[in-house]
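Source file: data_16.pdb (PDB, C-alpha atoms)
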```pdb
ATOM      1  CA  MET A 866      51.906  67.077  -3.068  1.00  0.00           C
ATOM      2  CA  ALA A 867      50.243  68.474  -0.011  1.00  0.00           C
ATOM      3  CA  ARG A 868      46.887  67.829  -1.593  1.00  0.00           C
ATOM      4  CA  THR A 869      47.803  64.199  -2.296  1.00  0.00           C
ATOM      5  CA  GLN A 870      48.917  63.716   1.295  1.00  0.00           C
ATOM      6  CA  ALA A 871      45.705  65.294   2.542  1.00  0.00           C
ATOM      7  CA  ARG A 872      43.617  63.000   0.367  1.00  0.00           C
ATOM      8  CA  THR A 873      45.532  59.964   1.562  1.00  0.00           C
ATOM      9  CA  ALA A 874      45.076  61.057   5.185  1.00  0.00           C
ATOM     10  CA  ARG A 875      41.317  61.543   4.604  1.00  0.00           C
ATOM     11  CA  ARG A 876      41.058  58.135   3.011  1.00  0.00           C
ATOM     12  CA  ARG A 877      42.773  56.585   6.012  1.00  0.00           C
ATOM     13  CA  VAL A 878      40.399  58.372   8.364  1.00  0.00           C
ATOM     14  CA  ASN A 879      37.401  57.436   6.209  1.00  0.00           C
ATOM     15  CA  SER A 880      38.468  53.800   5.984  1.00  0.00           C
ATOM     16  CA  LYS A 881      39.029  53.701   9.763  1.00  0.00           C
ATOM     17  CA  ALA A 882      35.583  55.213  10.309  1.00  0.00           C
ATOM     18  CA  GLU A 883      34.019  52.769   7.865  1.00  0.00           C
ATOM     19  CA  LYS A 884      35.737  49.849   9.589  1.00  0.00           C
ATOM     20  CA  ALA A 885      34.460  51.082  12.939  1.00  0.00           C
ATOM     21  CA  ARG A 886      30.912  51.449  11.549  1.00  0.00           C
ATOM     22  CA  SER A 887      31.153  48.001   9.974  1.00  0.00           C
ATOM     23  CA  ARG A 888      32.321  46.483  13.244  1.00  0.00           C
ATOM     24  CA  ALA A 889      29.508  48.204  15.082  1.00  0.00           C
ATOM     25  CA  ALA A 890      26.968  46.845  12.539  1.00  0.00           C
ATOM     26  CA  VAL A 891      28.355  43.338  12.901  1.00  0.00           C
ATOM     27  CA  GLN A 892      28.189  43.674  16.673  1.00  0.00           C
ATOM     28  CA  ARG A 893      24.536  44.799  16.490  1.00  0.00           C
ATOM     29  CA  ASN A 894      23.657  41.856  14.206  1.00  0.00           C
ATOM     30  CA  CYS A 895      25.305  39.421  16.631  1.00  0.00           C
ATOM     31  CA  GLU A 896      23.367  40.918  19.530  1.00  0.00           C
ATOM     32  CA  ARG A 897      20.089  40.675  17.572  1.00  0.00           C
ATOM     33  CA  THR A 898      20.826  37.052  16.740  1.00  0.00           C
ATOM     34  CA  PHE A 899      21.387  36.094  20.350  1.00  0.00           C
ATOM     35  CA  ASN A 900      18.542  38.213  21.697  1.00  0.00           C
ATOM     36  CA  MET A 901      15.630  35.971  20.707  1.00  0.00           C
ATOM     37  CA  THR A 902      12.250  36.922  22.050  1.00  0.00           C
ATOM     38  CA  ARG A 903      10.234  34.607  24.219  1.00  0.00           C
ATOM     39  CA  GLY A 904       7.658  34.156  21.445  1.00  0.00           C
ATOM     40  CA  PHE A 905      10.311  33.075  18.955  1.00  0.00           C
ATOM     41  CA  VAL A 906      11.725  30.538  21.391  1.00  0.00           C
ATOM     42  CA  ILE A 907       8.240  29.107  22.008  1.00  0.00           C
ATOM     43  CA  PHE A 908       7.658  28.966  18.253  1.00  0.00           C
ATOM     44  CA  LEU A 909      10.913  27.047  17.761  1.00  0.00           C
ATOM     45  CA  CYS A 910       9.985  24.627  20.545  1.00  0.00           C
ATOM     46  CA  VAL A 911       6.541  23.988  19.070  1.00  0.00           C
ATOM     47  CA  ILE A 912       7.999  23.413  15.597  1.00  0.00           C
ATOM     48  CA  SER A 913      10.632  21.062  17.050  1.00  0.00           C
ATOM     49  CA  VAL A 914       8.022  19.035  18.927  1.00  0.00           C
ATOM     50  CA  ALA A 915       5.804  18.859  15.822  1.00  0.00           C
ATOM     51  CA  THR A 916       8.746  17.684  13.711  1.00  0.00           C
ATOM     52  CA  ILE A 917       9.675  14.992  16.223  1.00  0.00           C
ATOM     53  CA  PHE A 918       6.026  13.878  16.444  1.00  0.00           C
ATOM     54  CA  MET A 919       5.776  13.583  12.649  1.00  0.00           C
ATOM     55  CA  CYS A 920       9.020  11.604  12.511  1.00  0.00           C
ATOM     56  CA  VAL A 921       7.760   9.175  15.147  1.00  0.00           C
ATOM     57  CA  GLN A 922       4.441   8.806  13.295  1.00  0.00           C
ATOM     58  CA  TYR A 923       6.284   8.159  10.042  1.00  0.00           C
ATOM     59  CA  LEU A 924       8.449   5.477  11.643  1.00  0.00           C
ATOM     60  CA  THR A 925       5.384   3.870  13.231  1.00  0.00           C
ATOM     61  CA  LEU A 926       3.552   3.777   9.901  1.00  0.00           C
ATOM     62  CA  ARG A 927       6.615   2.429   8.145  1.00  0.00           C
ATOM     63  CA  ALA A 928       6.898  -0.385  10.708  1.00  0.00           C
ATOM     64  CA  SER A 929       3.202  -1.149  10.268  1.00  0.00           C
ATOM     65  CA  VAL A 930       3.582  -1.340   6.495  1.00  0.00           C
ATOM     66  CA  THR A 931       6.573  -3.656   6.853  1.00  0.00           C
ATOM     67  CA  THR A 932       4.622  -5.917   9.225  1.00  0.00           C
ATOM     68  CA  GLN A 933       1.677  -6.030   6.827  1.00  0.00           C
ATOM     69  CA  GLN A 934       3.946  -6.843   3.900  1.00  0.00           C
ATOM     70  CA  LYS A 935       5.413  -9.758   5.854  1.00  0.00           C
ATOM     71  CA  ALA A 936       1.908 -10.974   6.741  1.00  0.00           C
ATOM     72  CA  ILE A 937       0.863 -10.768   3.082  1.00  0.00           C
ATOM     73  CA  ALA A 938       3.934 -12.719   2.007  1.00  0.00           C
ATOM     74  CA  ALA A 939       3.195 -15.408   4.609  1.00  0.00           C
ATOM     75  CA  ALA A 940      -0.458 -15.596   3.502  1.00  0.00           C
ATOM     76  CA  GLU A 941       0.578 -15.896  -0.141  1.00  0.00           C
ATOM     77  CA  ALA A 942       2.992 -18.702   0.742  1.00  0.00           C
ATOM     78  CA  GLU A 943       0.229 -20.471   2.659  1.00  0.00           C
ATOM     79  CA  LEU A 944      -2.131 -20.007  -0.304  1.00  0.00           C
ATOM     80  CA  VAL A 945       0.389 -21.608  -2.649  1.00  0.00           C
ATOM     81  CA  SER A 946       0.813 -24.491  -0.225  1.00  0.00           C
ATOM     82  CA  VAL A 947      -2.939 -25.010   0.171  1.00  0.00           C
ATOM     83  CA  ARG A 948      -3.505 -24.829  -3.590  1.00  0.00           C
ATOM     84  CA  SER A 949      -0.813 -27.414  -4.271  1.00  0.00           C
ATOM     85  CA  GLU A 950      -2.259 -29.671  -1.559  1.00  0.00           C
ATOM     86  CA  ASN A 951      -5.749 -29.176  -3.011  1.00  0.00           C
ATOM     87  CA  ASP A 952      -4.527 -30.039  -6.514  1.00  0.00           C
ATOM     88  CA  ALA A 953      -2.821 -33.168  -5.189  1.00  0.00           C
ATOM     89  CA  LEU A 954      -5.994 -34.258  -3.376  1.00  0.00           C
ATOM     90  CA  LEU A 955      -8.106 -33.616  -6.473  1.00  0.00           C
ATOM     91  CA  GLU A 956      -5.706 -35.677  -8.567  1.00  0.00           C
ATOM     92  CA  ASN A 957      -5.868 -38.471  -5.988  1.00  0.00           C
ATOM     93  CA  ILE A 958      -9.677 -38.443  -5.976  1.00  0.00           C
ATOM     94  CA  THR A 959      -9.806 -38.338  -9.757  1.00  0.00           C
ATOM     95  CA  ASN A 960      -7.463 -41.320  -9.985  1.00  0.00           C
ATOM     96  CA  GLN A 961      -9.513 -43.324  -7.477  1.00  0.00           C
ATOM     97  CA  VAL A 962     -12.892 -42.802  -9.166  1.00  0.00           C
ATOM     98  CA  GLU A 963     -13.497 -44.878 -12.268  1.00  0.00           C
ATOM     99  CA  LEU A 964     -16.636 -43.821 -14.072  1.00  0.00           C
ATOM    100  CA  ASP A 965     -16.992 -47.117 -15.953  1.00  0.00           C
ATOM    101  CA  GLU A 966     -17.099 -49.029 -12.693  1.00  0.00           C
ATOM    102  CA  ILE A 967     -19.736 -46.680 -11.287  1.00  0.00           C
ATOM    103  CA  ARG A 968     -21.820 -47.035 -14.474  1.00  0.00           C
ATOM    104  CA  LYS A 969     -21.617 -50.861 -14.354  1.00  0.00           C
ATOM    105  CA  LYS A 970     -22.641 -50.951 -10.693  1.00  0.00           C
ATOM    106  CA  ALA A 971     -25.526 -48.525 -11.263  1.00  0.00           C
ATOM    107  CA  VAL A 972     -26.912 -50.441 -14.263  1.00  0.00           C
ATOM    108  CA  GLY A 973     -26.096 -53.990 -13.109  1.00  0.00           C
ATOM    109  CA  GLU A 974     -26.617 -54.052  -9.368  1.00  0.00           C
ATOM    110  CA  LEU A 975     -29.016 -51.165  -8.800  1.00  0.00           C
ATOM    111  CA  GLY A 976     -31.159 -51.658 -11.909  1.00  0.00           C
ATOM    112  CA  MET A 977     -30.766 -48.141 -13.261  1.00  0.00           C
ATOM    113  CA  ASN A 978     -31.031 -47.505 -16.979  1.00  0.00           C
ATOM    114  CA  TYR A 979     -30.567 -44.580 -19.376  1.00  0.00           C
ATOM    115  CA  PRO A 980     -33.531 -42.209 -19.895  1.00  0.00           C
ATOM    116  CA  ASP A 981     -35.666 -42.317 -23.025  1.00  0.00           C
ATOM    117  CA  GLU A 982     -35.972 -39.251 -25.249  1.00  0.00           C
ATOM    118  CA  ASP A 983     -39.435 -38.406 -23.895  1.00  0.00           C
ATOM    119  CA  GLN A 984     -38.030 -38.341 -20.326  1.00  0.00           C
ATOM    120  CA  ILE A 985     -35.416 -35.652 -21.037  1.00  0.00           C
ATOM    121  CA  VAL A 986     -36.364 -31.983 -20.474  1.00  0.00           C
ATOM    122  CA  TRP A 987     -33.966 -29.314 -21.773  1.00  0.00           C
ATOM    123  CA  TYR A 988     -33.605 -25.883 -20.175  1.00  0.00           C
ATOM    124  CA  ASN A 989     -31.791 -22.822 -21.492  1.00  0.00           C
ATOM    125  CA  SER A 990     -30.000 -20.882 -18.807  1.00  0.00           C
ATOM    126  CA  SER A 991     -27.928 -17.835 -19.607  1.00  0.00           C
ATOM    127  CA  LYS A 992     -26.996 -17.119 -15.995  1.00  0.00           C
ATOM    128  CA  SER A 993     -24.697 -20.034 -15.298  1.00  0.00           C
ATOM    129  CA  SER A 994     -23.736 -23.489 -16.452  1.00  0.00           C
ATOM    130  CA  GLN A 995     -25.814 -25.123 -13.714  1.00  0.00           C
ATOM    131  CA  VAL A 996     -29.573 -25.415 -13.343  1.00  0.00           C
ATOM    132  CA  ARG A 997     -31.053 -25.794  -9.864  1.00  0.00           C
ATOM    133  CA  GLN A 998     -34.405 -27.454  -9.453  1.00  0.00           C
ATOM    134  CA  TYR A 999     -36.667 -25.741  -6.931  1.00  0.00           C
ATOM    135  CA  GLN A1000     -39.966 -27.276  -8.144  1.00  0.00           C
ATOM    136  CA  ASP A1001     -41.160 -30.435  -9.819  1.00  0.00           C
ATOM    137  CA  VAL A1002     -40.412 -30.697 -13.509  1.00  0.00           C
ATOM    138  CA  PRO A1003     -43.577 -30.299 -15.597  1.00  0.00           C
ATOM    139  CA  THR A1004     -44.680 -33.532 -17.253  1.00  0.00           C
ATOM    140  CA  SER A1005     -46.053 -32.022 -20.454  1.00  0.00           C
ATOM    141  CA  LYS A1006     -43.744 -30.858 -23.252  1.00  0.00           C
ATOM    142  CA  GLU A1007     -43.936 -27.213 -24.181  1.00  0.00           C
TER     143      GLU A1007
END
```

Show how you would write the structure in this file as C-alpha cells.
Amino acid sequence: MARTQARTARRRVNSKAEKARSRAAVQRNCERTFNMTRGFVIFLCVISVATIFMCVQYLTLRASVTTQQKAIAAAEAELVSVRSENDALLENITNQVELDEIRKKAVGELGMNYPDEDQIVWYNSSKSSQVRQYQDVPTSKE
C-alpha cells in the first residue's frame, strides 16, 4: 500500500510539473505571437497595401466593363433602329419607282431603244457580280 501511495504522489507531482511546463510553453508561444519583428510588420503592411490596390483595380476594371457593356447595348439598339428605318426607306423608294414608267419615258420621250446583238459585249468576272469600266470597250469581237 505504501508503494501505491508513493506512485500516486509521484503522479500528482509529475502532473503538476507537466501542467507547469505546459503553461510555460503556452506563455512562451503567446509572447512569440505578440513579439513581431519590425520586418514582419513591414511585410504585413506591404501585403495589405498590395491587396487593397488589387481590389481597387479589380473594381475599376469591373466598372469599365459594365460601362462598355451598356455602350454596346445602346449601339446595338441604335443599329436595330437605323436598320429598320433603312428598310422602311428602301421599301418607300421601291414603291415609288415604277420600272415600266421609266422604260416608257426612256423609249418614247428620249428616243432610246434596246441594243442589237452586235452591240452587246459579254465579260466573265469571277471577282464580283459587278464589272467596272475603266477604258473604252473594244469595238471588234474577240

>> So the first atom is CA of Thr916 (chain A) and the second is CA of Arg903 (chain A); what is the distance between them in Å, to one decimal place?
In response: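 That distance, rounded to one decimal, is 20.0 Å.
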
Atom pair CA of Glu963 (chain A) + CA of Met977 (chain A), distance 17.6 Å

Enter the distance from CA of Asp965 (chain A) to CA of Arg997 (chain A), in Å, rounded to one decimal.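 Value for the CA of Asp965 (chain A)-CA of Arg997 (chain A) distance: 26.3 Å.
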
For region 970-975 of chain A, I'd like the enclosing box, axis-aligned and padded by 4 Å on every side, reported as AutoDock Vina command-line options with centre and edge lengths in Å to one decimal.
```
--center_x -25.8 --center_y -51.3 --center_z -11.5 --size_x 14.4 --size_y 13.5 --size_z 13.5
```

My structure is short of atoms at region 923-934 of chain A; please model all heavy atoms there, returning them as a PDB file, in the coordinates of the input.
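Dumped everything to result_31.pdb:
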```
ATOM      1  N   TYR A 923       5.790   8.740  11.293  1.00  0.00           N
ATOM      2  CA  TYR A 923       6.284   8.159  10.042  1.00  0.00           C
ATOM      3  C   TYR A 923       6.943   6.805  10.304  1.00  0.00           C
ATOM      4  O   TYR A 923       6.685   5.841   9.597  1.00  0.00           O
ATOM      5  CB  TYR A 923       7.276   9.105   9.360  1.00  0.00           C
ATOM      6  CG  TYR A 923       7.960   8.480   8.180  1.00  0.00           C
ATOM      7  CD1 TYR A 923       7.296   8.318   6.976  1.00  0.00           C
ATOM      8  CD2 TYR A 923       9.269   8.012   8.275  1.00  0.00           C
ATOM      9  CE1 TYR A 923       7.910   7.725   5.890  1.00  0.00           C
ATOM     10  CE2 TYR A 923       9.897   7.413   7.203  1.00  0.00           C
ATOM     11  CZ  TYR A 923       9.214   7.270   6.005  1.00  0.00           C
ATOM     12  OH  TYR A 923       9.832   6.673   4.945  1.00  0.00           O
ATOM     13  N   LEU A 924       7.778   6.740  11.321  1.00  0.00           N
ATOM     14  CA  LEU A 924       8.449   5.477  11.643  1.00  0.00           C
ATOM     15  C   LEU A 924       7.447   4.406  12.072  1.00  0.00           C
ATOM     16  O   LEU A 924       7.587   3.234  11.723  1.00  0.00           O
ATOM     17  CB  LEU A 924       9.504   5.697  12.729  1.00  0.00           C
ATOM     18  CG  LEU A 924      10.714   6.543  12.300  1.00  0.00           C
ATOM     19  CD1 LEU A 924      11.619   6.805  13.494  1.00  0.00           C
ATOM     20  CD2 LEU A 924      11.477   5.861  11.180  1.00  0.00           C
ATOM     21  N   THR A 925       6.420   4.809  12.816  1.00  0.00           N
ATOM     22  CA  THR A 925       5.384   3.870  13.231  1.00  0.00           C
ATOM     23  C   THR A 925       4.635   3.324  12.018  1.00  0.00           C
ATOM     24  O   THR A 925       4.406   2.115  11.910  1.00  0.00           O
ATOM     25  CB  THR A 925       4.395   4.547  14.196  1.00  0.00           C
ATOM     26  OG1 THR A 925       5.118   5.066  15.312  1.00  0.00           O
ATOM     27  CG2 THR A 925       3.336   3.580  14.688  1.00  0.00           C
ATOM     28  N   LEU A 926       4.248   4.215  11.108  1.00  0.00           N
ATOM     29  CA  LEU A 926       3.552   3.777   9.901  1.00  0.00           C
ATOM     30  C   LEU A 926       4.437   2.887   9.040  1.00  0.00           C
ATOM     31  O   LEU A 926       3.977   1.897   8.467  1.00  0.00           O
ATOM     32  CB  LEU A 926       3.075   4.988   9.095  1.00  0.00           C
ATOM     33  CG  LEU A 926       1.904   5.760   9.689  1.00  0.00           C
ATOM     34  CD1 LEU A 926       1.628   7.015   8.870  1.00  0.00           C
ATOM     35  CD2 LEU A 926       0.669   4.890   9.756  1.00  0.00           C
ATOM     36  N   ARG A 927       5.680   3.228   8.944  1.00  0.00           N
ATOM     37  CA  ARG A 927       6.615   2.429   8.145  1.00  0.00           C
ATOM     38  C   ARG A 927       6.745   1.019   8.727  1.00  0.00           C
ATOM     39  O   ARG A 927       6.769   0.027   8.003  1.00  0.00           O
ATOM     40  CB  ARG A 927       7.973   3.136   8.115  1.00  0.00           C
ATOM     41  CG  ARG A 927       8.939   2.526   7.176  1.00  0.00           C
ATOM     42  CD  ARG A 927       8.551   2.847   5.759  1.00  0.00           C
ATOM     43  NE  ARG A 927       9.513   2.192   4.890  1.00  0.00           N
ATOM     44  CZ  ARG A 927       9.217   1.667   3.736  1.00  0.00           C
ATOM     45  NH1 ARG A 927       8.006   1.763   3.272  1.00  0.00           N
ATOM     46  NH2 ARG A 927      10.121   1.079   3.028  1.00  0.00           N
ATOM     47  N   ALA A 928       6.826   0.923  10.047  1.00  0.00           N
ATOM     48  CA  ALA A 928       6.898  -0.385  10.708  1.00  0.00           C
ATOM     49  C   ALA A 928       5.617  -1.173  10.472  1.00  0.00           C
ATOM     50  O   ALA A 928       5.650  -2.382  10.236  1.00  0.00           O
ATOM     51  CB  ALA A 928       7.159  -0.211  12.204  1.00  0.00           C
ATOM     52  N   SER A 929       4.486  -0.494  10.523  1.00  0.00           N
ATOM     53  CA  SER A 929       3.202  -1.149  10.268  1.00  0.00           C
ATOM     54  C   SER A 929       3.127  -1.686   8.851  1.00  0.00           C
ATOM     55  O   SER A 929       2.671  -2.815   8.623  1.00  0.00           O
ATOM     56  CB  SER A 929       2.061  -0.163  10.526  1.00  0.00           C
ATOM     57  OG  SER A 929       0.832  -0.721  10.155  1.00  0.00           O
ATOM     58  N   VAL A 930       3.584  -0.904   7.891  1.00  0.00           N
ATOM     59  CA  VAL A 930       3.582  -1.340   6.495  1.00  0.00           C
ATOM     60  C   VAL A 930       4.491  -2.554   6.321  1.00  0.00           C
ATOM     61  O   VAL A 930       4.136  -3.525   5.635  1.00  0.00           O
ATOM     62  CB  VAL A 930       4.004  -0.183   5.559  1.00  0.00           C
ATOM     63  CG1 VAL A 930       4.328  -0.681   4.173  1.00  0.00           C
ATOM     64  CG2 VAL A 930       2.916   0.866   5.501  1.00  0.00           C
ATOM     65  N   THR A 931       5.644  -2.526   6.942  1.00  0.00           N
ATOM     66  CA  THR A 931       6.573  -3.656   6.853  1.00  0.00           C
ATOM     67  C   THR A 931       5.947  -4.913   7.450  1.00  0.00           C
ATOM     68  O   THR A 931       6.042  -6.003   6.863  1.00  0.00           O
ATOM     69  CB  THR A 931       7.885  -3.322   7.577  1.00  0.00           C
ATOM     70  OG1 THR A 931       8.431  -2.132   7.006  1.00  0.00           O
ATOM     71  CG2 THR A 931       8.884  -4.449   7.461  1.00  0.00           C
ATOM     72  N   THR A 932       5.286  -4.776   8.584  1.00  0.00           N
ATOM     73  CA  THR A 932       4.622  -5.917   9.225  1.00  0.00           C
ATOM     74  C   THR A 932       3.522  -6.473   8.317  1.00  0.00           C
ATOM     75  O   THR A 932       3.394  -7.699   8.163  1.00  0.00           O
ATOM     76  CB  THR A 932       4.021  -5.496  10.577  1.00  0.00           C
ATOM     77  OG1 THR A 932       5.072  -4.952  11.389  1.00  0.00           O
ATOM     78  CG2 THR A 932       3.377  -6.660  11.294  1.00  0.00           C
ATOM     79  N   GLN A 933       2.748  -5.583   7.721  1.00  0.00           N
ATOM     80  CA  GLN A 933       1.677  -6.030   6.827  1.00  0.00           C
ATOM     81  C   GLN A 933       2.236  -6.705   5.580  1.00  0.00           C
ATOM     82  O   GLN A 933       1.668  -7.692   5.097  1.00  0.00           O
ATOM     83  CB  GLN A 933       0.782  -4.860   6.446  1.00  0.00           C
ATOM     84  CG  GLN A 933      -0.085  -4.377   7.586  1.00  0.00           C
ATOM     85  CD  GLN A 933      -0.900  -3.148   7.221  1.00  0.00           C
ATOM     86  OE1 GLN A 933      -0.754  -2.596   6.141  1.00  0.00           O
ATOM     87  NE2 GLN A 933      -1.752  -2.723   8.128  1.00  0.00           N
ATOM     88  N   GLN A 934       3.332  -6.209   5.062  1.00  0.00           N
ATOM     89  CA  GLN A 934       3.946  -6.843   3.900  1.00  0.00           C
ATOM     90  C   GLN A 934       4.423  -8.255   4.239  1.00  0.00           C
ATOM     91  O   GLN A 934       4.273  -9.178   3.439  1.00  0.00           O
ATOM     92  CB  GLN A 934       5.112  -6.001   3.381  1.00  0.00           C
ATOM     93  CG  GLN A 934       4.680  -4.752   2.645  1.00  0.00           C
ATOM     94  CD  GLN A 934       5.847  -3.883   2.240  1.00  0.00           C
ATOM     95  OE1 GLN A 934       6.939  -3.980   2.793  1.00  0.00           O
ATOM     96  NE2 GLN A 934       5.619  -3.003   1.271  1.00  0.00           N
TER      97      GLN A 934
END
```
